[in-house]
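Colleague: Take this structure, written in structure tokens, and hold onto it; I'll ask about it next.
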Amino acid sequence: MAFLDYLINGISLGSIYAVIALGYTLVYGIAKMLNFAHGDVIMVGGYVIFTMMSNVGLNSYVSVLIAMAACTVLGITIEKIAYKPLRQSTNLAVLITAIGVSYFLQNIALIIFGEKPVTFKSVIDLPKITLFDGQIVIKSEAIASIIVSVVIVVGLSLFVNKTKSGRAMLAVSEDKDAARLMGINVNRTISLTFAIGSGLAAIAGALLCSSYPVLSNTTGAMPGIKAFVAAVFGGIGSIPGAMVGGLLIGVIEILGRAYISPQLADAIVFAVLIIVLIVRPTGILGKKVNEKV
């Protein structure tokens, strides 16, 4: 029974990683940029929800919607100010800028909310599930994380493949110049990608802080890194890959903590990533892309 309990916890944690990883995989898949500030947008979403619930007195659902709107605006603003001027720059310049934006958001949160972590009240109100005469209890946060991640992955896949805006994203992903010649507004499409990814970050923040209810200015840092690992693991640029990678990373982490060592769990996650990339450099569901020279 213990293994089944660990497996459920791993799937729950992996579902949160999957939602975060979708933000990375969307931006990289469309704009070919690594937005390492994504984890800190999650932190901003958590603080917006906390403020709306604790200080303003709004209910959890309205607070999450406000956080999604705030993170969406933040994502578009970051793209316009920090990333758009670097479209023709090297990947290193974009990477350094992303790290700078990350530290900027962390320090702004530190100034506004202080260095002392706050206790986050769960936004999830679902009944827990008891199995095998109470030997296994599935928390409402775990149930919500799994359901939300599946709904988001399915909805996002349908959006990208079935809508006009989604097909524009695919075209920009393939060739920005050709997409522009076909009448697609590349700037607007990339902004839409950041908007969607940042809106998902707010949802990820709600799930993460509800499952692990301690919020600080570094809350999104390590989950963001692990979600990026999940995106690479599953095949960065692939929406189903983000889901698969997130679930696998979550399960590996929880089982590593339970059966090997809590201190070595993170190292095990990164070691597995290295092994997978040696065997399959594009990730589990990633596709090999031939770049024009």
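Naming scheme: A, B, ... for chains in displayed order of the structure tokens; residues 1 onward per chain; ligands 1 onward as shown.
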Which neighbours of range 79-92 of chain A fall inside 7 Å, counting only C-alpha atoms, when residues of the same chain fewer than 4 positions from it are skipped, and could you give them as a PyMOL selection string?

Modeller: chain A and resi 75+96-97+191+194

Colleague: Produce a table with one row for each residue of range 15-74 of chain A that has an atom at most 12 Å from any atom of range 156-164 of chain A, each row naming the nearest atom pair and its distance in Å at one decimal; use only C-alpha atoms; arrange rows by chain and rising residue number; format as a Markdown table.

Modeller:
| residue | atom | partner | partner_atom | distance |
| --- | --- | --- | --- | --- |
| A:Val19 | CA | A:Leu156 | CA | 10.8 |
| A:Leu22 | CA | A:Leu156 | CA | 9.2 |
| A:Gly23 | CA | A:Leu156 | CA | 11.0 |
| A:Thr25 | CA | A:Leu156 | CA | 11.8 |
| A:Leu26 | CA | A:Leu156 | CA | 9.8 |
| A:Gly29 | CA | A:Val160 | CA | 11.5 |
| A:Ile30 | CA | A:Val160 | CA | 10.9 |

Colleague: Can I get the selection written as a CSV table (one decimal), in the first residue's frame, with C-alpha atoms?

Modeller:
chain,number,residue,atom,x,y,z
A,19,VAL,CA,1.3,22.5,-15.9
A,22,LEU,CA,3.6,23.7,-20.5
A,23,GLY,CA,4.7,27.4,-20.1
A,25,THR,CA,7.4,24.3,-23.8
A,26,LEU,CA,4.9,26.8,-25.4
A,29,GLY,CA,8.2,25.8,-29.2
A,30,ILE,CA,6.8,29.0,-30.6

Colleague: Can you check which parts of range 154-264 of chain A lie within 10 Å of range 40-59 of chain A? Per residue, the shortest pair of atoms and distance in Å to one decimal, counting only C-alpha atoms, sorted by chain and number, as a tab-separated table.

Modeller:
residue	atom	partner	partner_atom	distance
A:Gly197	CA	A:Val41	CA	9.7
A:Ser198	CA	A:Val41	CA	6.7
A:Gly199	CA	A:Gly45	CA	8.8
A:Leu200	CA	A:Ile42	CA	8.6
A:Ala201	CA	A:Ile42	CA	4.8
A:Ala202	CA	A:Gly45	CA	4.5
A:Ile203	CA	A:Gly45	CA	7.7
A:Ala204	CA	A:Ile42	CA	6.5
A:Gly205	CA	A:Ile42	CA	4.8
A:Ala206	CA	A:Gly46	CA	6.0
A:Leu207	CA	A:Gly46	CA	9.2
A:Leu208	CA	A:Gly46	CA	8.5
A:Cys209	CA	A:Gly46	CA	6.7
A:Ser210	CA	A:Gly46	CA	9.4
A:Val214	CA	A:Gly46	CA	9.9
A:Leu215	CA	A:Gly46	CA	7.2
A:Ser216	CA	A:Met43	CA	7.5
A:Asn217	CA	A:Met43	CA	6.5
A:Thr218	CA	A:Met43	CA	7.2
A:Thr219	CA	A:Met43	CA	5.7
A:Gly220	CA	A:Met43	CA	5.1
A:Ala221	CA	A:Asp40	CA	6.4
A:Met222	CA	A:Asp40	CA	9.9
A:Pro223	CA	A:Ile42	CA	9.4
A:Gly224	CA	A:Asp40	CA	7.8

Colleague: Store the residues of this selection in a file with N, CA and C atoms, as a compact mmCIF listing (two decimals), in the first residue's frame.

Modeller:
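Contents of selection12.txt, as written:
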# COMPACT_ATOMS: atom_id res chain seq x y z
N GLY A 197 1.03 31.07 -21.54
CA GLY A 197 1.97 30.45 -20.62
C GLY A 197 1.93 31.09 -19.24
N SER A 198 1.82 32.40 -19.17
CA SER A 198 1.80 33.10 -17.89
C SER A 198 0.48 32.89 -17.16
N GLY A 199 -0.62 32.81 -17.92
CA GLY A 199 -1.90 32.49 -17.30
C GLY A 199 -1.89 31.10 -16.67
N LEU A 200 -1.25 30.16 -17.36
CA LEU A 200 -1.11 28.80 -16.81
C LEU A 200 -0.22 28.82 -15.57
N ALA A 201 0.75 29.74 -15.53
CA ALA A 201 1.62 29.85 -14.36
C ALA A 201 0.82 30.20 -13.12
N ALA A 202 -0.21 31.04 -13.26
CA ALA A 202 -1.06 31.39 -12.12
C ALA A 202 -1.80 30.16 -11.61
N ILE A 203 -2.30 29.33 -12.54
CA ILE A 203 -2.97 28.09 -12.14
C ILE A 203 -1.99 27.16 -11.44
N ALA A 204 -0.78 27.07 -12.00
CA ALA A 204 0.25 26.23 -11.37
C ALA A 204 0.57 26.74 -9.98
N GLY A 205 0.62 28.07 -9.82
CA GLY A 205 0.88 28.64 -8.50
C GLY A 205 -0.21 28.28 -7.51
N ALA A 206 -1.46 28.30 -7.96
CA ALA A 206 -2.57 27.92 -7.07
C ALA A 206 -2.46 26.46 -6.64
N LEU A 207 -2.13 25.58 -7.59
CA LEU A 207 -2.00 24.15 -7.27
C LEU A 207 -0.79 23.89 -6.38
N LEU A 208 0.33 24.53 -6.72
CA LEU A 208 1.57 24.30 -5.97
C LEU A 208 1.43 24.78 -4.53
N CYS A 209 0.92 26.00 -4.35
CA CYS A 209 0.82 26.56 -3.01
C CYS A 209 -0.28 25.89 -2.19
N SER A 210 -1.29 25.33 -2.85
CA SER A 210 -2.32 24.60 -2.12
C SER A 210 -1.79 23.26 -1.63
N VAL A 214 3.37 26.91 1.77
CA VAL A 214 4.30 27.91 2.27
C VAL A 214 4.71 28.76 1.08
N LEU A 215 4.49 30.07 1.18
CA LEU A 215 4.73 30.96 0.05
C LEU A 215 5.81 31.98 0.40
N SER A 216 6.82 32.09 -0.48
CA SER A 216 7.87 33.08 -0.30
C SER A 216 8.31 33.57 -1.67
N ASN A 217 9.29 34.48 -1.70
CA ASN A 217 9.71 35.04 -2.98
C ASN A 217 10.51 34.03 -3.82
N THR A 218 10.87 32.90 -3.24
CA THR A 218 11.59 31.86 -3.99
C THR A 218 10.73 30.61 -4.21
N THR A 219 9.44 30.73 -3.98
CA THR A 219 8.55 29.57 -4.07
C THR A 219 8.62 28.89 -5.44
N GLY A 220 8.67 29.67 -6.50
CA GLY A 220 8.61 29.08 -7.83
C GLY A 220 9.96 28.67 -8.40
N ALA A 221 11.05 28.95 -7.68
CA ALA A 221 12.39 28.74 -8.24
C ALA A 221 12.68 27.27 -8.51
N MET A 222 12.68 26.43 -7.47
CA MET A 222 13.02 25.03 -7.66
C MET A 222 11.95 24.27 -8.46
N PRO A 223 10.64 24.46 -8.17
CA PRO A 223 9.64 23.82 -9.04
C PRO A 223 9.78 24.24 -10.50
N GLY A 224 10.16 25.51 -10.73
CA GLY A 224 10.37 25.98 -12.10
C GLY A 224 11.50 25.24 -12.78

Colleague: Fewer than 2 positions away in the same chain doesn't count, so skip those; otherwise give me all residues within 12 Å of Ala267 in chain A, counting only C-alpha atoms, as an mmCIF file with C-alpha atoms, in the first residue's frame.

Modeller:
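What follows is the written file out16.cif:
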data_model
loop_
_atom_site.group_PDB
_atom_site.id
_atom_site.type_symbol
_atom_site.label_atom_id
_atom_site.label_comp_id
_atom_site.auth_asym_id
_atom_site.auth_seq_id
_atom_site.Cartn_x
_atom_site.Cartn_y
_atom_site.Cartn_z
ATOM 1 C CA LYS A 226 12.257 20.837 -12.190
ATOM 2 C CA VAL A 229 13.696 19.457 -16.652
ATOM 3 C CA ILE A 249 9.748 13.585 -12.932
ATOM 4 C CA ILE A 252 10.840 9.655 -9.831
ATOM 5 C CA GLU A 253 11.243 12.394 -7.227
ATOM 6 C CA GLY A 256 13.559 8.590 -4.821
ATOM 7 C CA ARG A 257 12.707 10.356 -1.570
ATOM 8 C CA ILE A 260 16.650 5.968 -1.692
ATOM 9 C CA SER A 261 17.263 9.272 0.101
ATOM 10 C CA PRO A 262 15.385 12.539 0.586
ATOM 11 C CA GLN A 263 18.687 14.378 0.197
ATOM 12 C CA LEU A 264 19.500 12.649 -3.096
ATOM 13 C CA ALA A 265 16.028 12.884 -4.673
ATOM 14 C CA VAL A 269 15.941 13.486 -11.074
ATOM 15 C CA PHE A 270 18.775 15.256 -12.882
ATOM 16 C CA ALA A 271 20.729 12.013 -13.293
ATOM 17 C CA VAL A 272 17.748 10.373 -14.998
ATOM 18 C CA LEU A 273 17.447 13.415 -17.285
ATOM 19 C CA ILE A 274 21.094 13.084 -18.305
#

Colleague: Which is closest to Ile146 in chain A among A:Phe228, A:Tyr24, A:Tyr6, A:Tyr17, if we use only C-alpha atoms?

Modeller: A:Tyr17

Colleague: Nearest to Val148 in chain A among A:Gln135, A:Asn9, A:Ser60, A:Ser15, with distances taken over only C-alpha atoms: which residue is it?

Modeller: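 Once distances to Val148 in chain A are computed over only C-alpha atoms, the minimum belongs to A:Ser15.
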
Colleague: Rounded to one decimal, what separation in Å do you get between CA of Gly14 in chain A and CA of Gly283 in chain A?

Modeller: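 Atom-to-atom, CA of Gly14 in chain A to CA of Gly283 in chain A, that is 16.7 Å.
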
Colleague: From a backbone DSSP assignment, name each residue in range 211-287 of chain A labelled alpha helix (DSSP H), as a ChimeraX atom specification.

Modeller: /A:211,221-234,239-259,265-279

Colleague: Any chance you could list, as an MDAnalysis selection string, the residues in range 86-289 of chain A that come up strand (DSSP E or B) when DSSP is run on the backbone?

Modeller: chainID A and resid 118:119 129:131 136:138 214:215

Colleague: Can I get the selected residues back with N, CA and C atoms, as an mmCIF file, in the first residue's frame?

Modeller:
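Listed below is the output, result-v1.cif:
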data_model
loop_
_atom_site.group_PDB
_atom_site.id
_atom_site.type_symbol
_atom_site.label_atom_id
_atom_site.label_comp_id
_atom_site.auth_asym_id
_atom_site.auth_seq_id
_atom_site.Cartn_x
_atom_site.Cartn_y
_atom_site.Cartn_z
ATOM 1 N N VAL A 118 4.866 33.091 4.131
ATOM 2 C CA VAL A 118 3.490 33.169 4.632
ATOM 3 C C VAL A 118 2.800 31.826 4.413
ATOM 4 N N THR A 119 1.805 31.572 5.226
ATOM 5 C CA THR A 119 1.037 30.331 5.097
ATOM 6 C C THR A 119 -0.090 30.541 4.100
ATOM 7 N N ILE A 129 -10.599 11.333 -1.125
ATOM 8 C CA ILE A 129 -10.997 9.965 -1.460
ATOM 9 C C ILE A 129 -10.251 8.998 -0.555
ATOM 10 N N THR A 130 -10.986 8.088 0.061
ATOM 11 C CA THR A 130 -10.398 7.085 0.952
ATOM 12 C C THR A 130 -10.505 5.713 0.305
ATOM 13 N N LEU A 131 -9.380 5.013 0.237
ATOM 14 C CA LEU A 131 -9.338 3.691 -0.381
ATOM 15 C C LEU A 131 -8.824 2.647 0.602
ATOM 16 N N ILE A 136 -5.287 4.258 2.376
ATOM 17 C CA ILE A 136 -4.801 5.265 1.439
ATOM 18 C C ILE A 136 -5.822 6.394 1.373
ATOM 19 N N VAL A 137 -5.356 7.599 1.591
ATOM 20 C CA VAL A 137 -6.205 8.782 1.520
ATOM 21 C C VAL A 137 -5.645 9.710 0.441
ATOM 22 N N ILE A 138 -6.454 9.977 -0.569
ATOM 23 C CA ILE A 138 -6.039 10.878 -1.647
ATOM 24 C C ILE A 138 -6.587 12.263 -1.332
ATOM 25 N N VAL A 214 3.370 26.907 1.773
ATOM 26 C CA VAL A 214 4.302 27.913 2.274
ATOM 27 C C VAL A 214 4.715 28.757 1.078
ATOM 28 N N LEU A 215 4.494 30.067 1.178
ATOM 29 C CA LEU A 215 4.729 30.962 0.047
ATOM 30 C C LEU A 215 5.808 31.978 0.397
#

Colleague: Calculate how many Å separate CA of Gly39 in chain A from CA of Ala242 in chain A, rounding to one decimal.

Modeller: 15.2 Å

Colleague: If you measure from CA of Arg188 in chain A to CA of Gly235 in chain A, what distance in Å do you get, rounded to one decimal?

Modeller: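 CA of Gly235 in chain A lies at a distance of 25.3 Å from CA of Arg188 in chain A.
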
Colleague: Smallest atom-to-atom distance to Thr193 in chain A: which of A:Ala2, A:Glu115, A:Leu285, A:Ser173, using only C-alpha atoms?

Modeller: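 Selected residue with least distance to Thr193 in chain A: A:Ser173.
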
Colleague: Closest to Leu34 in chain A among A:Leu277, A:Pro117, A:Ala231, A:Ile8, using only C-alpha atoms?

Modeller: A:Ala231

Colleague: Return the single residue from A:Ile143, A:Ile190, A:Ile254, A:Ile284 that is closest to Tyr28 in chain A, with distances computed using only C-alpha atoms.

Modeller: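 The answer is A:Ile190, which sits nearest to Tyr28 in chain A.
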